[in-house]
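S.K.: So I've got this file, structure-v5.cif, and it contains mmCIF, N, CA and C atoms:
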data_my_file
#
loop_
_atom_site.label_atom_id
_atom_site.label_comp_id
_atom_site.auth_asym_id
_atom_site.auth_seq_id
_atom_site.Cartn_x
_atom_site.Cartn_y
_atom_site.Cartn_z
N MET A 18 10.41 21.67 14.31
CA MET A 18 10.98 22.58 13.37
C MET A 18 12.35 22.10 12.91
N LEU A 19 13.10 21.51 13.83
CA LEU A 19 14.41 20.98 13.49
C LEU A 19 14.28 19.84 12.48
N ALA A 20 13.24 19.01 12.65
CA ALA A 20 13.01 17.91 11.70
C ALA A 20 12.72 18.47 10.31
N TRP A 21 11.94 19.57 10.25
CA TRP A 21 11.64 20.17 8.96
C TRP A 21 12.90 20.68 8.30
N LEU A 22 13.76 21.35 9.05
CA LEU A 22 15.00 21.88 8.47
C LEU A 22 15.88 20.76 7.92
N ALA A 23 15.98 19.67 8.67
CA ALA A 23 16.77 18.53 8.20
C ALA A 23 16.14 17.94 6.94
N SER A 24 14.82 17.79 6.93
CA SER A 24 14.13 17.23 5.78
C SER A 24 14.32 18.11 4.56
N ALA A 25 14.15 19.41 4.73
CA ALA A 25 14.27 20.33 3.60
C ALA A 25 15.67 20.31 3.00
N SER A 26 16.69 20.24 3.85
CA SER A 26 18.05 20.26 3.32
C SER A 26 18.39 18.95 2.60
N VAL A 27 17.92 17.83 3.12
CA VAL A 27 18.15 16.53 2.47
C VAL A 27 17.45 16.49 1.12
N VAL A 28 16.20 16.94 1.08
CA VAL A 28 15.44 16.93 -0.17
C VAL A 28 16.08 17.85 -1.19
N ALA A 29 16.39 19.06 -0.80
CA ALA A 29 16.97 20.02 -1.74
C ALA A 29 18.29 19.53 -2.32
N ALA A 30 19.10 18.86 -1.53
CA ALA A 30 20.39 18.35 -2.00
C ALA A 30 20.23 17.23 -3.02
N ASN A 31 19.14 16.49 -2.94
CA ASN A 31 18.96 15.33 -3.82
C ASN A 31 18.04 15.57 -5.01
N LEU A 32 17.37 16.70 -5.08
CA LEU A 32 16.42 16.93 -6.17
C LEU A 32 17.08 16.92 -7.54
N ARG A 33 18.27 17.43 -7.63
CA ARG A 33 18.92 17.53 -8.94
C ARG A 33 19.84 16.35 -9.23
N GLY A 34 20.01 15.46 -8.31
CA GLY A 34 20.89 14.32 -8.51
C GLY A 34 20.10 13.03 -8.69
N TRP A 35 20.13 12.21 -7.69
CA TRP A 35 19.51 10.89 -7.71
C TRP A 35 18.03 10.96 -8.07
N TYR A 36 17.31 11.86 -7.44
CA TYR A 36 15.87 11.97 -7.64
C TYR A 36 15.52 12.28 -9.09
N ALA A 37 16.30 13.15 -9.72
CA ALA A 37 16.03 13.55 -11.10
C ALA A 37 16.15 12.37 -12.06
N GLY A 38 16.93 11.35 -11.71
CA GLY A 38 17.10 10.19 -12.57
C GLY A 38 16.03 9.13 -12.43
N LEU A 39 15.13 9.29 -11.50
CA LEU A 39 14.07 8.30 -11.29
C LEU A 39 12.90 8.53 -12.24
N MET A 40 12.22 7.44 -12.60
CA MET A 40 10.99 7.55 -13.37
C MET A 40 9.88 7.93 -12.38
N PRO A 41 9.25 9.08 -12.57
CA PRO A 41 8.25 9.53 -11.59
C PRO A 41 6.87 8.93 -11.84
N PRO A 42 6.11 8.72 -10.78
CA PRO A 42 4.72 8.29 -10.94
C PRO A 42 3.86 9.47 -11.41
N MET A 43 2.64 9.16 -11.85
CA MET A 43 1.72 10.22 -12.25
C MET A 43 1.48 11.17 -11.08
N LEU A 44 1.17 12.40 -11.39
CA LEU A 44 0.81 13.43 -10.42
C LEU A 44 1.96 13.94 -9.56
N VAL A 45 3.18 13.54 -9.85
CA VAL A 45 4.32 14.06 -9.10
C VAL A 45 4.71 15.40 -9.71
N PRO A 46 4.80 16.44 -8.87
CA PRO A 46 5.13 17.76 -9.41
C PRO A 46 6.56 17.81 -9.93
N ALA A 47 6.81 18.81 -10.77
CA ALA A 47 8.17 19.01 -11.29
C ALA A 47 9.11 19.32 -10.13
N ASP A 48 10.40 19.14 -10.35
CA ASP A 48 11.40 19.33 -9.30
C ASP A 48 11.27 20.67 -8.58
N LEU A 49 11.14 21.72 -9.34
CA LEU A 49 11.08 23.04 -8.73
C LEU A 49 9.85 23.16 -7.82
N THR A 50 8.73 22.64 -8.26
CA THR A 50 7.51 22.68 -7.45
C THR A 50 7.70 21.84 -6.19
N LEU A 51 8.33 20.68 -6.31
CA LEU A 51 8.58 19.84 -5.15
C LEU A 51 9.49 20.55 -4.15
N GLU A 52 10.47 21.26 -4.68
CA GLU A 52 11.37 22.02 -3.80
C GLU A 52 10.59 23.11 -3.05
N ARG A 53 9.69 23.77 -3.73
CA ARG A 53 8.85 24.79 -3.08
C ARG A 53 7.93 24.16 -2.04
N LEU A 54 7.39 22.99 -2.36
CA LEU A 54 6.53 22.30 -1.40
C LEU A 54 7.30 21.94 -0.14
N CYS A 55 8.55 21.59 -0.31
CA CYS A 55 9.38 21.27 0.85
C CYS A 55 9.53 22.49 1.76
N ILE A 56 9.68 23.65 1.17
CA ILE A 56 9.78 24.88 1.94
C ILE A 56 8.44 25.19 2.60
N LEU A 57 7.35 24.95 1.89
CA LEU A 57 6.01 25.18 2.45
C LEU A 57 5.67 24.22 3.58
N LEU A 58 6.43 23.15 3.71
CA LEU A 58 6.18 22.20 4.80
C LEU A 58 6.40 22.82 6.17
N ALA A 59 7.00 23.97 6.20
CA ALA A 59 7.17 24.65 7.49
C ALA A 59 5.82 24.92 8.13
N ALA A 60 4.81 25.26 7.34
CA ALA A 60 3.49 25.57 7.90
C ALA A 60 2.88 24.37 8.62
N PRO A 61 2.85 23.16 8.04
CA PRO A 61 2.30 22.02 8.80
C PRO A 61 3.11 21.70 10.06
N TYR A 62 4.42 21.92 10.03
CA TYR A 62 5.22 21.67 11.24
C TYR A 62 4.89 22.69 12.33
N VAL A 63 4.66 23.93 11.96
CA VAL A 63 4.24 24.93 12.95
C VAL A 63 2.87 24.56 13.48
N ALA A 64 1.96 24.15 12.60
CA ALA A 64 0.63 23.73 13.02
C ALA A 64 0.70 22.52 13.96
N MET A 65 1.62 21.58 13.66
CA MET A 65 1.81 20.42 14.56
C MET A 65 2.26 20.86 15.94
N ALA A 66 3.15 21.82 15.99
CA ALA A 66 3.63 22.33 17.28
C ALA A 66 2.50 23.01 18.04
N MET A 67 1.70 23.79 17.34
CA MET A 67 0.57 24.45 17.99
C MET A 67 -0.45 23.43 18.51
N ALA A 68 -0.70 22.39 17.72
CA ALA A 68 -1.64 21.35 18.13
C ALA A 68 -1.13 20.64 19.39
N ALA A 69 0.14 20.33 19.42
CA ALA A 69 0.72 19.67 20.59
C ALA A 69 0.62 20.57 21.81
N TRP A 70 0.86 21.87 21.62
CA TRP A 70 0.77 22.81 22.73
C TRP A 70 -0.67 22.86 23.27
N LEU A 71 -1.66 22.86 22.37
CA LEU A 71 -3.06 22.89 22.81
C LEU A 71 -3.41 21.66 23.65
N VAL A 72 -2.93 20.50 23.23
CA VAL A 72 -3.21 19.27 23.97
C VAL A 72 -2.42 19.24 25.28
N TRP A 73 -1.18 19.65 25.23
CA TRP A 73 -0.30 19.60 26.40
C TRP A 73 -0.80 20.52 27.52
N ARG A 74 -1.29 21.69 27.17
CA ARG A 74 -1.69 22.66 28.19
C ARG A 74 -3.08 22.42 28.75
N ARG A 75 -3.84 21.54 28.15
CA ARG A 75 -5.22 21.31 28.56
C ARG A 75 -5.29 20.46 29.81
N PRO A 76 -6.06 20.88 30.81
CA PRO A 76 -6.21 20.03 32.00
C PRO A 76 -7.14 18.87 31.69
N MET A 77 -6.63 17.67 31.80
CA MET A 77 -7.42 16.47 31.49
C MET A 77 -6.76 15.26 32.12
N ALA A 78 -7.31 14.12 31.84
CA ALA A 78 -6.73 12.88 32.35
C ALA A 78 -5.31 12.73 31.79
N ALA A 79 -4.37 12.55 32.66
CA ALA A 79 -2.96 12.48 32.26
C ALA A 79 -2.69 11.32 31.31
N ASN A 80 -3.35 10.20 31.49
CA ASN A 80 -3.10 9.03 30.62
C ASN A 80 -3.49 9.30 29.18
N ARG A 81 -4.65 9.92 28.95
CA ARG A 81 -5.08 10.22 27.59
C ARG A 81 -4.16 11.26 26.95
N GLN A 82 -3.77 12.23 27.73
CA GLN A 82 -2.88 13.27 27.24
C GLN A 82 -1.50 12.68 26.89
N ARG A 83 -0.99 11.83 27.78
CA ARG A 83 0.32 11.21 27.55
C ARG A 83 0.29 10.31 26.31
N ALA A 84 -0.78 9.55 26.14
CA ALA A 84 -0.90 8.68 24.95
C ALA A 84 -0.93 9.52 23.68
N ALA A 85 -1.69 10.60 23.69
CA ALA A 85 -1.77 11.46 22.51
C ALA A 85 -0.41 12.07 22.19
N MET A 86 0.30 12.52 23.21
CA MET A 86 1.61 13.13 22.98
C MET A 86 2.64 12.09 22.55
N ASN A 87 2.51 10.86 23.00
CA ASN A 87 3.40 9.79 22.53
C ASN A 87 3.21 9.56 21.03
N PHE A 88 1.96 9.52 20.58
CA PHE A 88 1.71 9.36 19.14
C PHE A 88 2.26 10.56 18.37
N TRP A 89 2.12 11.75 18.94
CA TRP A 89 2.66 12.94 18.29
C TRP A 89 4.18 12.82 18.14
N GLY A 90 4.85 12.31 19.17
CA GLY A 90 6.29 12.11 19.10
C GLY A 90 6.69 11.10 18.03
N TRP A 91 5.93 10.02 17.94
CA TRP A 91 6.21 9.03 16.89
C TRP A 91 5.97 9.62 15.51
N GLN A 92 4.94 10.43 15.39
CA GLN A 92 4.66 11.10 14.12
C GLN A 92 5.83 12.00 13.73
N LEU A 93 6.35 12.73 14.69
CA LEU A 93 7.49 13.60 14.45
C LEU A 93 8.73 12.79 14.03
N ALA A 94 8.94 11.66 14.70
CA ALA A 94 10.09 10.80 14.36
C ALA A 94 9.97 10.22 12.96
N MET A 95 8.77 9.74 12.61
CA MET A 95 8.57 9.19 11.26
C MET A 95 8.69 10.29 10.21
N GLY A 96 8.25 11.50 10.56
CA GLY A 96 8.36 12.63 9.64
C GLY A 96 9.80 13.02 9.36
N ALA A 97 10.69 12.74 10.29
CA ALA A 97 12.11 13.01 10.07
C ALA A 97 12.80 11.82 9.41
N ALA A 98 12.35 10.61 9.72
CA ALA A 98 12.99 9.40 9.19
C ALA A 98 12.67 9.17 7.71
N TRP A 99 11.45 9.49 7.29
CA TRP A 99 11.08 9.20 5.91
C TRP A 99 11.95 9.92 4.89
N PRO A 100 12.11 11.26 4.95
CA PRO A 100 12.96 11.89 3.94
C PRO A 100 14.42 11.46 4.02
N ALA A 101 14.86 11.10 5.22
CA ALA A 101 16.25 10.62 5.36
C ALA A 101 16.42 9.31 4.61
N ALA A 102 15.45 8.41 4.73
CA ALA A 102 15.53 7.11 4.04
C ALA A 102 15.33 7.28 2.53
N PHE A 103 14.31 8.03 2.15
CA PHE A 103 13.96 8.16 0.73
C PHE A 103 14.96 9.04 -0.02
N PHE A 104 15.11 10.28 0.41
CA PHE A 104 15.98 11.21 -0.31
C PHE A 104 17.45 11.07 0.09
N GLY A 105 17.72 10.86 1.37
CA GLY A 105 19.10 10.83 1.84
C GLY A 105 19.82 9.54 1.53
N LEU A 106 19.19 8.40 1.88
CA LEU A 106 19.83 7.10 1.68
C LEU A 106 19.41 6.40 0.39
N HIS A 107 18.41 6.94 -0.30
CA HIS A 107 17.91 6.39 -1.56
C HIS A 107 17.37 4.97 -1.39
N LEU A 108 16.75 4.72 -0.27
CA LEU A 108 16.17 3.41 0.03
C LEU A 108 14.67 3.47 -0.20
N LEU A 109 14.25 3.06 -1.39
CA LEU A 109 12.84 3.18 -1.76
C LEU A 109 11.93 2.29 -0.92
N LEU A 110 12.33 1.05 -0.68
CA LEU A 110 11.47 0.15 0.10
C LEU A 110 11.42 0.56 1.57
N ALA A 111 12.56 0.90 2.14
CA ALA A 111 12.57 1.37 3.54
C ALA A 111 11.78 2.67 3.66
N GLY A 112 11.90 3.53 2.67
CA GLY A 112 11.11 4.76 2.66
C GLY A 112 9.63 4.48 2.60
N LEU A 113 9.26 3.47 1.80
CA LEU A 113 7.84 3.11 1.69
C LEU A 113 7.30 2.62 3.03
N VAL A 114 8.06 1.80 3.73
CA VAL A 114 7.65 1.32 5.05
C VAL A 114 7.52 2.49 6.02
N LEU A 115 8.49 3.39 5.99
CA LEU A 115 8.44 4.56 6.87
C LEU A 115 7.29 5.50 6.50
N ALA A 116 7.00 5.64 5.21
CA ALA A 116 5.88 6.48 4.79
C ALA A 116 4.55 5.89 5.27
N ALA A 117 4.43 4.56 5.20
CA ALA A 117 3.22 3.92 5.72
C ALA A 117 3.10 4.13 7.22
N ALA A 118 4.21 4.02 7.93
CA ALA A 118 4.21 4.28 9.38
C ALA A 118 3.88 5.74 9.66
N LEU A 119 4.35 6.64 8.82
CA LEU A 119 4.06 8.06 8.99
C LEU A 119 2.56 8.32 8.85
N VAL A 120 1.93 7.73 7.85
CA VAL A 120 0.48 7.88 7.67
C VAL A 120 -0.27 7.33 8.89
N ALA A 121 0.14 6.15 9.35
CA ALA A 121 -0.51 5.54 10.52
C ALA A 121 -0.34 6.41 11.76
N CYS A 122 0.86 6.91 11.98
CA CYS A 122 1.11 7.76 13.15
C CYS A 122 0.34 9.07 13.06
N ALA A 123 0.34 9.70 11.89
CA ALA A 123 -0.37 10.97 11.73
C ALA A 123 -1.87 10.79 11.92
N ALA A 124 -2.43 9.72 11.37
CA ALA A 124 -3.86 9.46 11.53
C ALA A 124 -4.20 9.14 12.99
N SER A 125 -3.37 8.34 13.63
CA SER A 125 -3.60 8.00 15.04
C SER A 125 -3.48 9.22 15.93
N THR A 126 -2.51 10.07 15.65
CA THR A 126 -2.35 11.30 16.42
C THR A 126 -3.57 12.19 16.25
N LEU A 127 -4.02 12.35 15.01
CA LEU A 127 -5.17 13.19 14.74
C LEU A 127 -6.41 12.68 15.50
N VAL A 128 -6.63 11.37 15.48
CA VAL A 128 -7.78 10.79 16.18
C VAL A 128 -7.67 11.03 17.69
N ARG A 129 -6.50 10.82 18.25
CA ARG A 129 -6.32 11.03 19.69
C ARG A 129 -6.44 12.51 20.07
N PHE A 130 -5.89 13.38 19.24
CA PHE A 130 -6.02 14.81 19.51
C PHE A 130 -7.48 15.25 19.40
N ALA A 131 -8.23 14.68 18.45
CA ALA A 131 -9.63 15.04 18.27
C ALA A 131 -10.44 14.75 19.52
N GLY A 132 -10.09 13.68 20.22
CA GLY A 132 -10.78 13.35 21.46
C GLY A 132 -10.46 14.28 22.61
N LEU A 133 -9.41 15.08 22.45
CA LEU A 133 -8.98 15.97 23.52
C LEU A 133 -9.20 17.45 23.18
N ASP A 134 -9.00 17.80 21.91
CA ASP A 134 -9.13 19.20 21.50
C ASP A 134 -9.37 19.23 19.99
N ARG A 135 -10.55 19.66 19.59
CA ARG A 135 -10.92 19.67 18.17
C ARG A 135 -10.02 20.59 17.34
N THR A 136 -9.65 21.72 17.88
CA THR A 136 -8.78 22.65 17.16
C THR A 136 -7.42 22.00 16.89
N ALA A 137 -6.91 21.27 17.86
CA ALA A 137 -5.63 20.57 17.66
C ALA A 137 -5.74 19.55 16.53
N ALA A 138 -6.86 18.86 16.47
CA ALA A 138 -7.06 17.88 15.39
C ALA A 138 -7.11 18.56 14.03
N VAL A 139 -7.79 19.69 13.95
CA VAL A 139 -7.86 20.44 12.68
C VAL A 139 -6.46 20.90 12.26
N LEU A 140 -5.66 21.32 13.23
CA LEU A 140 -4.30 21.77 12.92
C LEU A 140 -3.42 20.64 12.38
N LEU A 141 -3.74 19.39 12.70
CA LEU A 141 -2.96 18.25 12.22
C LEU A 141 -3.38 17.79 10.82
N THR A 142 -4.51 18.24 10.34
CA THR A 142 -5.03 17.78 9.05
C THR A 142 -4.08 18.02 7.88
N PRO A 143 -3.45 19.20 7.75
CA PRO A 143 -2.51 19.38 6.63
C PRO A 143 -1.33 18.41 6.68
N TYR A 144 -0.87 18.09 7.87
CA TYR A 144 0.26 17.16 7.97
C TYR A 144 -0.15 15.75 7.55
N LEU A 145 -1.38 15.36 7.88
CA LEU A 145 -1.87 14.05 7.42
C LEU A 145 -1.93 14.03 5.90
N GLY A 146 -2.34 15.14 5.30
CA GLY A 146 -2.33 15.25 3.83
C GLY A 146 -0.92 15.09 3.28
N PHE A 147 0.05 15.72 3.92
CA PHE A 147 1.44 15.56 3.50
C PHE A 147 1.88 14.11 3.62
N ALA A 148 1.52 13.45 4.72
CA ALA A 148 1.93 12.06 4.94
C ALA A 148 1.36 11.15 3.85
N ILE A 149 0.11 11.37 3.49
CA ILE A 149 -0.52 10.57 2.42
C ILE A 149 0.18 10.84 1.10
N SER A 150 0.51 12.10 0.84
CA SER A 150 1.24 12.45 -0.39
C SER A 150 2.62 11.80 -0.42
N ALA A 151 3.30 11.79 0.71
CA ALA A 151 4.62 11.15 0.79
C ALA A 151 4.51 9.66 0.52
N PHE A 152 3.46 9.02 1.04
CA PHE A 152 3.26 7.60 0.79
C PHE A 152 3.03 7.35 -0.70
N TYR A 153 2.17 8.15 -1.32
CA TYR A 153 1.90 8.00 -2.75
C TYR A 153 3.19 8.18 -3.56
N LEU A 154 3.92 9.24 -3.25
CA LEU A 154 5.17 9.52 -3.95
C LEU A 154 6.13 8.34 -3.83
N ASN A 155 6.33 7.87 -2.61
CA ASN A 155 7.27 6.79 -2.36
C ASN A 155 6.80 5.49 -3.02
N ALA A 156 5.52 5.17 -2.91
CA ALA A 156 4.99 3.94 -3.51
C ALA A 156 5.16 3.96 -5.03
N GLY A 157 4.86 5.11 -5.63
CA GLY A 157 5.01 5.22 -7.08
C GLY A 157 6.45 5.09 -7.53
N PHE A 158 7.35 5.76 -6.84
CA PHE A 158 8.76 5.65 -7.20
C PHE A 158 9.28 4.23 -6.98
N TRP A 159 8.87 3.59 -5.91
CA TRP A 159 9.31 2.21 -5.66
C TRP A 159 8.80 1.30 -6.77
N TRP A 160 7.54 1.42 -7.11
CA TRP A 160 6.92 0.55 -8.11
C TRP A 160 7.60 0.71 -9.48
N LEU A 161 7.89 1.93 -9.85
CA LEU A 161 8.44 2.20 -11.18
C LEU A 161 9.96 2.05 -11.27
N ASN A 162 10.65 2.01 -10.15
CA ASN A 162 12.11 2.06 -10.18
C ASN A 162 12.81 0.95 -9.41
N HIS A 163 12.09 -0.04 -8.91
CA HIS A 163 12.79 -1.07 -8.11
C HIS A 163 13.35 -2.17 -8.96
#
Kindly transcribe the structure held in the file into structure tokens.
M.R.:
Amino acid sequence: MLAWLASASVVAANLRGWYAGLMPPMLVPADLTLERLCILLAAPYVAMAMAAWLVWRRPMAANRQRAAMNFWGWQLAMGAAWPAAFFGLHLLLAGLVLAAALVACAASTLVRFAGLDRTAAVLLTPYLGFAISAFYLNAGFWWLNH
């Protein structure tokens, strides 16, 4: 939740400045819609927390559980690092690398959670969608503005 708050504040601060001056790729929502989407990101973060709780509380082999939770932690870290690089530091290429890592971490976490708890995997699906959208957004902005 703390990562979401940091992400939302960084994005909101930059929507009307640096971001507004970039040439946007196709399918990128208008600034106001993007700002609302940032606020709506609270739901996937809550779902991520619930998914982690489901996996953490389940009695199972400790190694599989620990590996799944490690991927979840990396997913959380990439989810905080991407908006900081893209919106905060205005680093399009670094943001693109972090967005790709975010997609990989989110997909890996979802696969590992699916092997332990199907409900937890379903709860991670919206966040994977966000990660793919972030990658598309970042790739398009990098391509058109580098």
S.K.: Residues picked by the PyMOL selection byres ((chain A and resi 106-119) around 6.5) here, as a list in words?
M.R.: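 Evaluating the PyMOL selection byres ((chain A and resi 106-119) around 6.5) on these coordinates yields Gln92, Met95, Gly96, Ala98, Trp99, Pro100, Ala101, Ala102, Phe103, Phe104, Gly105, Val120, Ala121, Cys122, Ala123, Ala124, Ala148, Ala151, Phe152, Asn155, Ala156, Phe158 and Trp159 of chain A.
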S.K.: Enter the distance from atom CA of A:Tyr153 to atom C of A:Ile56, in Å, rounded to one decimal.
M.R.: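 Going from atom CA of A:Tyr153 over to atom C of A:Ile56, I get 19.2 Å.
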S.K.: For A:Met77, work out the shell of residues within 10 Å, counting only C-alpha atoms and skipping chain neighbours fewer than 5 positions away, then give it as a list in words.
M.R.: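 What passes the distance filter is Val72, Gln82 and Leu133 of chain A.
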S.K.: To one decimal place in Å, what is the distance between atom N of A:Gly157 and atom CA of A:Pro61?
M.R.: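 For atom N of A:Gly157 relative to atom CA of A:Pro61, the distance reads 22.4 Å.
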S.K.: Measuring atom to atom with only N, CA and C atoms, identify which of A:Thr126, A:Ala64, A:Leu44, A:Ala97 is nearest to A:Ala84.
M.R.: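 Under the stated criterion, the closest residue is A:Thr126.
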